[in-house]
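One structure below.
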Amino acid sequence: MSTDTIVSLPDQSTARIPKVNFLNKENGLLSWLLTGDHKRIAILYLISITFFFFIGGALAGLIRLELLTPQSDLMATDTYNKVFTMHGVIMIFFFLVPSVPATLGNFLIPLMLGAKDLALPKVNLLSWYLYMAGGILALYTMITGGVDTGWTFTTPLSTHYVNTNVLTTGLAVFVAGFSSIFTGLNFIVTIHKMRAPGMTWFRMPLFVWAHYAASILMVLGTPVLAIAIVLVALERTIGIGVFDPTKGGDPLLFQHLFWFYSHPAVYIMILPGMGVISETISTFSRKRVFGYTAVAFSSVAIAVFGFFVWAHHMFIMGISNYSMLVFSLLTMLVAVPSAIKIFNWAFTLYKGSITFETPMLYTFGFMGLFTIGGLTGVFLGTSGTDIHLTETYFIVAHFHFVMVGGMLMAFLAGIHFWWPKMTGRMYPEKISQLAAVVTFIGFNLTFFPQFILGTLGMPRRYASYPPEFQILNVFSTAGATILGVGYLLPVLYLTWSLKYGAIAGNNPWQATGLEWQTQSPPLTENFLVTPIMDHEAYDYEWLDGQKQKEVASVG
Amino acid sequence: MSDSPVLVHHGEVEIAHEHPHLPYQRHHFETMAQQNDATNFAMWLFLLTEIMFFGGLFTAYLIYRNWYYPAFVAGSHQLNVIWGGINTLVLITSSFTMAMGVWCAETRRQSQLVLCLVLTFILGLGFLGIKTIEYKEKIEKHHVPGFHYSLQSFLNPDSDKEAKAAGDKPMALDMARHTEVYFSLYFAMTGMHALHMIIGIGILGFMILRARAGGYTTGHITFVENFGLYWHFVDIVWIFLFPLLYLISRHAQ
Amino acid sequence: MSQHHEPVEARMNDHDSQGNLEEHEHHIVSPVVYLIIFAALLVGTALTVFASYLELGILNPILAIAIAVVKATLVVLFFMHVKYSSKLTKLTVGAGMFTFLILIGMTLSDYISRAWGRW
Amino acid sequence: MSHISPIIWQFLVKWMTNFPLFPPEASTIAPQMDALYFFMVLVSLIGLTLVILLVTSFSILYSKKRHPVAVQIEGSTLLEATWTIIPLGLFLVMFVWGALIYFRVYTPPANAMNIYVVGKQWMWKAEHPGGQHEINALHVPVGRAVQLTLISQDVFHSFSIPAFRVKREAIPGRYTTVWFEATMPGTYHLFCTQYCGTDHSHMVGDVVVMTPEDFKKWLSSSTSGASLAQNGERLFASLSCAACHNARPDARGPSLANVYGSRLSLSSGGTVLADDAYLRESILNPSQHITQGYAPIMPTYQGQVSEEGVIALVEYIKNLNSDYRVQQTTNTTDMLPQSEGKAAVAGQNSAGQNAAAQKSAGQKPAGQGMVKP
Ligand code: HEA
Ligand code: HEA
Ligand code: CUA
Ligand SMILES: [Cu+2]
């Protein structure tokens, strides 16, 4: 297979790590902690979200270990509740929401647009500090007793009936939320105002479109979560009664506010990943994305329609029949743009010239698993079947398929794809392909049985369960172990490659994006001269022309 | 496209090919206009988040007002329309002085700018002062939710100056209890609003110092403009809060 | 930051030289406009208070909100310069209002329709 | 197989014999729900296969080896329209089908027998009209529509019987309903599926579906002596409701006979359907809806009666209804042994019950549209 890969291109052999790049421009911890450079901030994020991912993953390990047996024998139910709550909180707010946007998005959007930096570098750095503050606060709550509300903070449980660190966790999420708002705001401003000459909207890479859509959701959705948390805090401390049925409040109102954010948030979590897929699938099939405009607009459509469907999380919780109809119907509509994307990507392969490097393997993983996850989302959006499936492991399987099988796969695809750009070095190909396959197998073993469990009716958030569900749970736990290995591998070999990886050169994949037309790792100011965009995105003919010119000038 | 680029100092490239950087232009912007545009746009986006933030509160307000209308009427009668009205005027005036401040900055009138900002500052403080008086009344009457909330004014309106003046009738206990929800929302909404005012006044103070040093009369006025946007936004929130909280069914007497 | 030695023209030139950006004239609104708006806002406030003492039934809250909307629109258009701003700014304001209305409208529609019972 | 250690072997045997892949279909709604479910599984499988097929076949056909130079293609509006419209159509079919089932599950038929269920941290309390109490269990007869009226006295819970494919949230401060008709005698899982705190996973129980005869036996063996309505009557007296609701001409409150299921006009204009939820509201938040012609003098009983107490009162008020009594009679009471059969109902409603029973047997209470499918 390796003879087929793009990497073995001529300029590889002569490549060197550039003497000056953003990594070594300045030295010392302080130069990192006070940096305004989007690329350095991206690296800071990368390190911190990896850290949080492994904390969340270790908690997932505990969940799976507990569920190995039907009784709650490894830990008390109370502890179990704290574990899955923290797992959810950390994975969602401190890993998946910032995963692709804050690392790859941060790193790449200015590069892809031909800009020197994001529009508001200081705000960007502030985002990272807010993120860290929130994250540390979340860890602090975990150490000092934890919280057991579930990541959804359901009232009146969270306001009146639990005695754990709801306030501090709420504050952690609140702070992290502002980090997310500022990131999104920064992206929108950058995309509108910082495009290089010639970079029209329809010449932007689809990665940028996806981030634009996700940013809209971050900016408009997250504040509603913030106010919901503020009200929970007030309810808990002074009992204002807005969510308290005994005082005439409606606990369902909290659900409305929470899901008004949290449904769009699931698209915050998937859209940037979809952006990654557009890039990788084009690069490794050496073909422009099939139906560029359709893919671009479907991102925006997902973002806009994403605001209209939140109550599908509340079908059986007491919304009116009318609302059920409206929200169920709109859920069906919001599922369509995702289908468009999947098929457009599939057809991008048509008559391409396909190679199978690691990013592409993860991309294929994404397409299969996200399709399963998305289609099972439609099961849940269908009100009738939701009655049976809601709050069971079917949901757990659904959202792990879209979040882990979808976004996490996309994240790994992106990390591998842009690793040469970020570090100047290649990751080792063989072992990383192995890791991709291991992850895929482990993933399916972990989460596919959960669909069956859910159909059988096993409720989620259960520390103990009827014994006949054990066998499927054993499969799931076994899968999680494999999955854990699959995730540990990249950390190891990527770290290894920092020192020993092959030198990548500017454009190891022969990709078309502007980010590949500058040195790897890039200079602090990204480009020596402001680039001028005179071709469409994914224009491989243009790239060939460039190569021809280069050969001519060298020769 | 070479792997080891010739090092060119970034600034030199810029100067050679384009135009001189002004001292307040950040390095990554091509032009001052681009920078101003970008910061202005960023401010607007920030205001969008503020809209949605208050949106949650307005939603809650509308629901409960719909459900517990009599309680909301009675609660609203506890507020002082005079104070509320004066405060509205104060805030609108401060919005006006702020707008004038932006104009002074645009036309580079330093002393008038300082004057406008100081006026805005004072009006803002005035608003908070009046709010404090109002809050104090509520605290004294135990109308703060959660803190020994008292239903006296609603169960027995004759014992209460405001309720009596508004001609309230005694309320059934269960409805009277829901006035607590009204006051929760009252405090949450005005409290959030006041918090925004306090932050704004803090920034205003800083701006006054800078303006006195001539900071905003050189043409680079994005900060003043953006702050103006923020201040006007806070004003707009109050424009809605005033009728929603103070003026529910005043005619019912 | 030092300011005074920068020639005024620098800014102006700069301003004109932006080629590829969404252009918008920096319009300086005259104080007369501000004064008129200010007066209108005062009148609006008086009107809301006055209207709330009238017995208009269902129209009372509607009128109050309508006046508030008019006032807010004036502030947005003139004090906040949106009338003179780029299309992008107008779009941004519109998007904010839209999402705000979605939040309120769709949530309220649930509460209102709950009263319809089971149907 | 002898080389497998006996312990592991036992484990395997245990697992393989106890390894369900699909829940039993034990209610009338279950096959309907499963039909939709399998339709969706089928569509999903087709869709997924299509995606996999496209990806793998293109990967094989157009791998770099076979197809070294890519052919640039813009896109195809026709194709894109195809894969917009076909999934949309399928999703819309699912939507309509799903909504129909949703309405079916949450709209009880007129002749359903009603059981009240109160959720609390961390148990389910079921109250049968005959006065039988159960904790973390629910006994129901086979072949009879059973309606559950659910409420929670603290946080959200969710009453789930996977074998019946039904589930409904128990919400604090509000009645919700769900119904089912069991088709197979047996014992099924009852789960609380809404996360409700520490012992959420222990808020489980059994739903026991019995033949009508067994159910009759069970009813008589576990009765507590007084029916729910009788308890309610007792409460009605001890809370001195009768001081106002006594059907005398000078009574300060309206007569409660035949209130249930009727449309009441309110002093604020408008009308309201007096269902269970309305009765509950009237007791706890009486001034929320003032009946036309009466002063808002009724005191609130919030904090004075437990949820079970309210349920007893509601059941009592329902029993003041000739209709309802008929309905209950045909549903439950006739299953009781004759001696306890007629729950003595006191109060204003003295008109000949049996006559009414005959006459209005076919009449259904207002507001319950669905007839047993
Ligand atoms: C990345 C995150 C993510 C994404 C992208 C999605 C995507 C979707 N989700 Fe999911 N969801 C979650 C994360 C996500 N979800 C989480 C975390 C929860 C649980 C929260 C909690 O309670 O803790 C949840 C819960 C959840 C529920 C609530 C269930 C309940 O509580 O009862 C519902 C209900 O409608 C739902 C629906 C959907 C739908 C319709 C989509 C759609 O957008 C999917 C669209 C995609 C496709 C449809 C696939 C592509 C289609 C094709 C390839 C076409 C195939 C071809 C043919 C049909 C011919 N999700
Ligand atoms: C981005 C989001 C994300 C990600 C990546 C994951 C990853 C995983 N999740 Fe998680 N999960 C959620 C988001 C996520 N989850 C959410 C939101 C909930 C709902 C919470 C709630 O109900 O409130 C949830 C709930 C949830 C449950 C249900 C709990 C319950 O309802 O009772 C389970 C059960 O199996 C589970 C398992 C897993 C597993 C096995 C992984 C694996 O993919 C993780 C694999 C990673 C590792 C294993 C780490 C790497 C390896 C090491 C650190 C070495 C050490 C390893 C071991 C000790 C095994 N998750
Ligand atoms: Cu009750 Cu979970
Ligand atoms: Cu959702």
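Chains: A, B, ... in order of the structure tokens. Residues: from 1 per chain. Ligands: from 1, in order shown.
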Contacts to ligand 4 at 10 Å cut-off (only C-alpha atoms and all ligand atoms) as a PyMOL selection string | chain A and resi 259-267+306-314+331+377+380-381+399
Within 6 Å of chain B, which residues of chain A show up? Give each one with its shortest atom-to-atom distance in Å (one decimal) and the two atoms involved, counting only C-alpha atoms, rows by chain then rising residue number, as JSON lines.
{"residue": "A:Pro18", "atom": "CA", "partner": "B:Ser4", "partner_atom": "CA", "distance": 4.9}
{"residue": "A:Lys116", "atom": "CA", "partner": "B:His28", "partner_atom": "CA", "distance": 5.1}
{"residue": "A:Asp117", "atom": "CA", "partner": "B:His28", "partner_atom": "CA", "distance": 5.8}
{"residue": "A:Val189", "atom": "CA", "partner": "B:Ala42", "partner_atom": "CA", "distance": 6.0}
{"residue": "A:Lys193", "atom": "CA", "partner": "B:Ala38", "partner_atom": "CA", "distance": 5.9}
{"residue": "A:Val219", "atom": "CA", "partner": "B:Thr49", "partner_atom": "CA", "distance": 5.8}
{"residue": "A:Leu220", "atom": "CA", "partner": "B:Thr49", "partner_atom": "CA", "distance": 5.6}
{"residue": "A:Pro223", "atom": "CA", "partner": "B:Phe53", "partner_atom": "CA", "distance": 4.7}
{"residue": "A:Val224", "atom": "CA", "partner": "B:Phe53", "partner_atom": "CA", "distance": 5.3}
{"residue": "A:Ile227", "atom": "CA", "partner": "B:Phe53", "partner_atom": "CA", "distance": 5.7}
{"residue": "A:Ile238", "atom": "CA", "partner": "B:Gly146", "partner_atom": "CA", "distance": 4.9}
{"residue": "A:Gly239", "atom": "CA", "partner": "B:Gly146", "partner_atom": "CA", "distance": 5.3}
{"residue": "A:Ile240", "atom": "CA", "partner": "B:Ser184", "partner_atom": "CA", "distance": 5.2}
{"residue": "A:Gly241", "atom": "CA", "partner": "B:Val181", "partner_atom": "CA", "distance": 5.8}
Determine which residues of region 84-313 of chain D receive a DSSP assignment of strand (DSSP E or B), computed from the backbone, and state them as a PyMOL selection string.
-> chain D and resi 113-120+123-127+133-135+137-141+145-152+157-161+166-172+174+176-182+186-192+205-210+263-266+271-273+291
Selected residues, C-alpha atoms, written as a PDB file, in the first residue's frame, please.
ATOM      1  CA  MET D 113     -59.428   1.109  33.993  1.00  0.00           C
ATOM      2  CA  ASN D 114     -57.438   3.680  35.811  1.00  0.00           C
ATOM      3  CA  ILE D 115     -54.578   3.056  38.200  1.00  0.00           C
ATOM      4  CA  TYR D 116     -52.739   5.868  39.877  1.00  0.00           C
ATOM      5  CA  VAL D 117     -48.975   5.739  40.146  1.00  0.00           C
ATOM      6  CA  VAL D 118     -46.929   8.012  42.339  1.00  0.00           C
ATOM      7  CA  GLY D 119     -43.191   8.162  41.823  1.00  0.00           C
ATOM      8  CA  LYS D 120     -40.858   9.204  44.559  1.00  0.00           C
ATOM      9  CA  MET D 123     -39.925   3.803  44.545  1.00  0.00           C
ATOM     10  CA  TRP D 124     -43.121   3.457  42.587  1.00  0.00           C
ATOM     11  CA  LYS D 125     -46.362   3.478  44.488  1.00  0.00           C
ATOM     12  CA  ALA D 126     -49.388   2.207  42.644  1.00  0.00           C
ATOM     13  CA  GLU D 127     -52.887   2.917  43.885  1.00  0.00           C
ATOM     14  CA  HIS D 133     -51.512  -0.379  47.274  1.00  0.00           C
ATOM     15  CA  GLU D 134     -48.404  -1.694  45.659  1.00  0.00           C
ATOM     16  CA  ILE D 135     -44.810  -0.671  45.875  1.00  0.00           C
ATOM     17  CA  ALA D 137     -44.947  -3.609  41.411  1.00  0.00           C
ATOM     18  CA  LEU D 138     -47.989  -3.354  39.260  1.00  0.00           C
ATOM     19  CA  HIS D 139     -50.586  -6.064  38.864  1.00  0.00           C
ATOM     20  CA  VAL D 140     -52.783  -5.834  35.820  1.00  0.00           C
ATOM     21  CA  PRO D 141     -55.185  -8.169  34.092  1.00  0.00           C
ATOM     22  CA  ALA D 145     -57.021  -1.516  28.682  1.00  0.00           C
ATOM     23  CA  VAL D 146     -55.259  -0.057  31.683  1.00  0.00           C
ATOM     24  CA  GLN D 147     -54.668   3.623  32.038  1.00  0.00           C
ATOM     25  CA  LEU D 148     -51.993   4.923  34.367  1.00  0.00           C
ATOM     26  CA  THR D 149     -52.268   8.363  35.847  1.00  0.00           C
ATOM     27  CA  LEU D 150     -48.783   9.290  36.921  1.00  0.00           C
ATOM     28  CA  ILE D 151     -47.389  11.927  39.169  1.00  0.00           C
ATOM     29  CA  SER D 152     -44.161  12.448  41.010  1.00  0.00           C
ATOM     30  CA  HIS D 157     -39.164   9.873  37.109  1.00  0.00           C
ATOM     31  CA  SER D 158     -40.128   7.797  34.168  1.00  0.00           C
ATOM     32  CA  PHE D 159     -42.341   4.766  34.225  1.00  0.00           C
ATOM     33  CA  SER D 160     -41.106   2.301  31.672  1.00  0.00           C
ATOM     34  CA  ILE D 161     -42.285  -1.166  30.736  1.00  0.00           C
ATOM     35  CA  VAL D 166     -44.671   2.220  26.802  1.00  0.00           C
ATOM     36  CA  LYS D 167     -43.041   4.802  28.941  1.00  0.00           C
ATOM     37  CA  ARG D 168     -44.184   8.001  30.522  1.00  0.00           C
ATOM     38  CA  GLU D 169     -42.546  10.602  32.615  1.00  0.00           C
ATOM     39  CA  ALA D 170     -43.856  11.135  36.142  1.00  0.00           C
ATOM     40  CA  ILE D 171     -43.620  14.869  36.528  1.00  0.00           C
ATOM     41  CA  PRO D 172     -43.694  16.733  39.809  1.00  0.00           C
ATOM     42  CA  ARG D 174     -48.670  17.447  37.082  1.00  0.00           C
ATOM     43  CA  THR D 176     -49.575  12.503  32.955  1.00  0.00           C
ATOM     44  CA  THR D 177     -51.212   9.477  31.486  1.00  0.00           C
ATOM     45  CA  VAL D 178     -50.269   6.451  29.490  1.00  0.00           C
ATOM     46  CA  TRP D 179     -52.151   3.297  28.740  1.00  0.00           C
ATOM     47  CA  PHE D 180     -51.580  -0.233  27.561  1.00  0.00           C
ATOM     48  CA  GLU D 181     -53.387  -3.473  27.124  1.00  0.00           C
ATOM     49  CA  ALA D 182     -51.328  -6.469  28.128  1.00  0.00           C
ATOM     50  CA  GLY D 186     -46.165 -13.021  32.813  1.00  0.00           C
ATOM     51  CA  THR D 187     -43.822 -10.866  34.810  1.00  0.00           C
ATOM     52  CA  TYR D 188     -42.097  -7.992  33.092  1.00  0.00           C
ATOM     53  CA  HIS D 189     -39.520  -5.405  33.998  1.00  0.00           C
ATOM     54  CA  LEU D 190     -40.590  -2.095  35.326  1.00  0.00           C
ATOM     55  CA  PHE D 191     -37.869   0.531  35.209  1.00  0.00           C
ATOM     56  CA  CYS D 192     -37.503   4.117  36.231  1.00  0.00           C
ATOM     57  CA  GLY D 205     -39.960  -3.471  39.908  1.00  0.00           C
ATOM     58  CA  ASP D 206     -42.200  -5.993  38.268  1.00  0.00           C
ATOM     59  CA  VAL D 207     -45.261  -5.676  36.187  1.00  0.00           C
ATOM     60  CA  VAL D 208     -47.317  -8.784  36.755  1.00  0.00           C
ATOM     61  CA  VAL D 209     -49.813  -9.547  34.056  1.00  0.00           C
ATOM     62  CA  MET D 210     -52.461 -12.000  35.222  1.00  0.00           C
ATOM     63  CA  ARG D 263     -66.693  21.600  30.597  1.00  0.00           C
ATOM     64  CA  LEU D 264     -66.704  24.360  33.142  1.00  0.00           C
ATOM     65  CA  SER D 265     -66.952  28.004  32.305  1.00  0.00           C
ATOM     66  CA  LEU D 266     -64.513  30.191  34.115  1.00  0.00           C
ATOM     67  CA  THR D 271     -63.954  27.128  29.465  1.00  0.00           C
ATOM     68  CA  VAL D 272     -61.930  24.302  30.831  1.00  0.00           C
ATOM     69  CA  LEU D 273     -62.239  20.558  30.769  1.00  0.00           C
ATOM     70  CA  THR D 291     -65.482  28.764  38.243  1.00  0.00           C
TER      71      THR D 291
END
Would you mind listing the residues within 6 Å of ligand 3, counting only C-alpha atoms and all ligand atoms, as an mmCIF file with all heavy atoms, in the first residue's frame?
data_model
loop_
_atom_site.group_PDB
_atom_site.id
_atom_site.type_symbol
_atom_site.label_atom_id
_atom_site.label_comp_id
_atom_site.auth_asym_id
_atom_site.auth_seq_id
_atom_site.Cartn_x
_atom_site.Cartn_y
_atom_site.Cartn_z
ATOM 1 N N GLN D 121 -38.516 9.362 45.104
ATOM 2 C CA GLN D 121 -37.174 8.812 45.232
ATOM 3 C C GLN D 121 -37.202 7.698 46.277
ATOM 4 O O GLN D 121 -37.464 7.987 47.447
ATOM 5 C CB GLN D 121 -36.207 9.881 45.693
ATOM 6 C CG GLN D 121 -35.815 10.854 44.578
ATOM 7 C CD GLN D 121 -34.889 11.921 45.112
ATOM 8 O OE1 GLN D 121 -34.998 12.355 46.254
ATOM 9 N NE2 GLN D 121 -33.961 12.378 44.290
ATOM 10 N N TRP D 122 -36.989 6.478 46.092
ATOM 11 C CA TRP D 122 -36.788 5.801 44.841
ATOM 12 C C TRP D 122 -37.713 4.617 44.803
ATOM 13 O O TRP D 122 -37.298 3.506 44.955
ATOM 14 C CB TRP D 122 -35.317 5.390 44.714
ATOM 15 C CG TRP D 122 -34.413 6.576 44.499
ATOM 16 C CD1 TRP D 122 -34.173 7.181 43.315
ATOM 17 C CD2 TRP D 122 -33.673 7.312 45.468
ATOM 18 N NE1 TRP D 122 -33.324 8.261 43.483
ATOM 19 C CE2 TRP D 122 -32.993 8.363 44.797
ATOM 20 C CE3 TRP D 122 -33.528 7.209 46.855
ATOM 21 C CZ2 TRP D 122 -32.180 9.278 45.460
ATOM 22 C CZ3 TRP D 122 -32.726 8.116 47.509
ATOM 23 C CH2 TRP D 122 -32.059 9.145 46.791
ATOM 24 N N HIS D 157 -39.430 11.293 37.261
ATOM 25 C CA HIS D 157 -39.164 9.873 37.109
ATOM 26 C C HIS D 157 -39.783 9.457 35.792
ATOM 27 O O HIS D 157 -40.491 10.227 35.170
ATOM 28 C CB HIS D 157 -39.795 9.066 38.244
ATOM 29 C CG HIS D 157 -39.324 9.451 39.596
ATOM 30 N ND1 HIS D 157 -38.178 8.972 40.150
ATOM 31 C CD2 HIS D 157 -39.848 10.299 40.509
ATOM 32 C CE1 HIS D 157 -38.021 9.493 41.353
ATOM 33 N NE2 HIS D 157 -39.020 10.313 41.604
ATOM 34 N N CYS D 192 -37.448 2.658 36.248
ATOM 35 C CA CYS D 192 -37.503 4.117 36.231
ATOM 36 C C CYS D 192 -36.409 4.538 35.255
ATOM 37 O O CYS D 192 -35.243 4.244 35.468
ATOM 38 C CB CYS D 192 -37.226 4.718 37.596
ATOM 39 S SG CYS D 192 -37.004 6.504 37.504
ATOM 40 N N THR D 193 -36.805 5.193 34.183
ATOM 41 C CA THR D 193 -35.796 5.497 33.168
ATOM 42 C C THR D 193 -35.338 6.937 33.188
ATOM 43 O O THR D 193 -34.498 7.312 32.396
ATOM 44 C CB THR D 193 -36.314 5.180 31.765
ATOM 45 O OG1 THR D 193 -37.623 5.696 31.661
ATOM 46 C CG2 THR D 193 -36.305 3.701 31.514
ATOM 47 N N GLN D 194 -35.924 7.750 34.031
ATOM 48 C CA GLN D 194 -35.421 9.124 34.087
ATOM 49 C C GLN D 194 -34.501 9.214 35.286
ATOM 50 O O GLN D 194 -34.902 8.902 36.407
ATOM 51 C CB GLN D 194 -36.576 10.114 34.215
ATOM 52 C CG GLN D 194 -36.138 11.554 34.309
ATOM 53 C CD GLN D 194 -35.475 12.038 33.040
ATOM 54 O OE1 GLN D 194 -35.999 11.891 31.959
ATOM 55 N NE2 GLN D 194 -34.298 12.630 33.172
ATOM 56 N N TYR D 195 -33.285 9.669 35.034
ATOM 57 C CA TYR D 195 -32.309 9.724 36.123
ATOM 58 C C TYR D 195 -32.853 10.572 37.270
ATOM 59 O O TYR D 195 -33.259 11.711 37.069
ATOM 60 C CB TYR D 195 -30.990 10.300 35.614
ATOM 61 C CG TYR D 195 -29.999 10.446 36.733
ATOM 62 C CD1 TYR D 195 -29.508 9.318 37.371
ATOM 63 C CD2 TYR D 195 -29.586 11.682 37.179
ATOM 64 C CE1 TYR D 195 -28.638 9.430 38.421
ATOM 65 C CE2 TYR D 195 -28.703 11.804 38.228
ATOM 66 C CZ TYR D 195 -28.238 10.670 38.851
ATOM 67 O OH TYR D 195 -27.379 10.791 39.895
ATOM 68 N N CYS D 196 -32.891 9.984 38.467
ATOM 69 C CA CYS D 196 -33.569 10.673 39.566
ATOM 70 C C CYS D 196 -32.752 10.670 40.850
ATOM 71 O O CYS D 196 -33.298 10.835 41.929
ATOM 72 C CB CYS D 196 -34.926 10.030 39.797
ATOM 73 S SG CYS D 196 -34.849 8.260 40.078
ATOM 74 N N HIS D 200 -31.503 5.660 41.573
ATOM 75 C CA HIS D 200 -32.218 5.554 40.302
ATOM 76 C C HIS D 200 -32.232 4.117 39.789
ATOM 77 O O HIS D 200 -33.269 3.603 39.372
ATOM 78 C CB HIS D 200 -31.533 6.502 39.316
ATOM 79 C CG HIS D 200 -31.873 6.303 37.885
ATOM 80 N ND1 HIS D 200 -33.147 6.425 37.400
ATOM 81 C CD2 HIS D 200 -31.090 6.017 36.813
ATOM 82 C CE1 HIS D 200 -33.139 6.217 36.098
ATOM 83 N NE2 HIS D 200 -31.906 5.964 35.715
ATOM 84 N N MET D 203 -34.759 1.799 41.372
ATOM 85 C CA MET D 203 -36.179 2.135 41.295
ATOM 86 C C MET D 203 -36.828 1.251 40.231
ATOM 87 O O MET D 203 -37.332 1.725 39.233
ATOM 88 C CB MET D 203 -36.325 3.609 40.954
ATOM 89 C CG MET D 203 -37.713 4.156 41.197
ATOM 90 S SD MET D 203 -37.636 5.934 41.214
ATOM 91 C CE MET D 203 -39.361 6.308 40.911
#
Close residues to ligand 1 using only C-alpha atoms and all ligand atoms, limit 7 Å, as number ranges by chain | A: 151-152, 266-267, 269-270, 312-315, 328, 331-332, 334-336, 338-339, 342-343, 370-375, 377-378, 380-382, 386, 389-391, 395-396, 398-399, 402-403, 406-407; D: 43-44, 46-48, 51, 86-87, 90
Output the contact residues of chain A with respect to chain C at a cut-off of 9 Å, based on only C-alpha atoms, as number ranges by chain.
-> A: 192-198, 220-221, 253, 256-257, 260, 307-308, 311, 318-324
Selection near Pro61 (chain C), 10 Å with only C-alpha atoms, sequence-local residues under 2 positions removed, as a VMD selection string = (chain B and resid 243 to 244 247 to 249) or (chain C and resid 48 51 to 52 56 to 59 63 to 67)
Check every protein, DNA and RNA residue against ligand 2, keep those with an atom at most 6 Å away (counting only C-alpha atoms and all ligand atoms), and present them as a VMD selection string.
-> chain A and resid 54 57 to 58 60 to 61 63 to 64 84 to 85 88 91 to 92 96 150 to 151 396 403 to 404 460 to 462 480 to 481 483 to 484 487 to 488
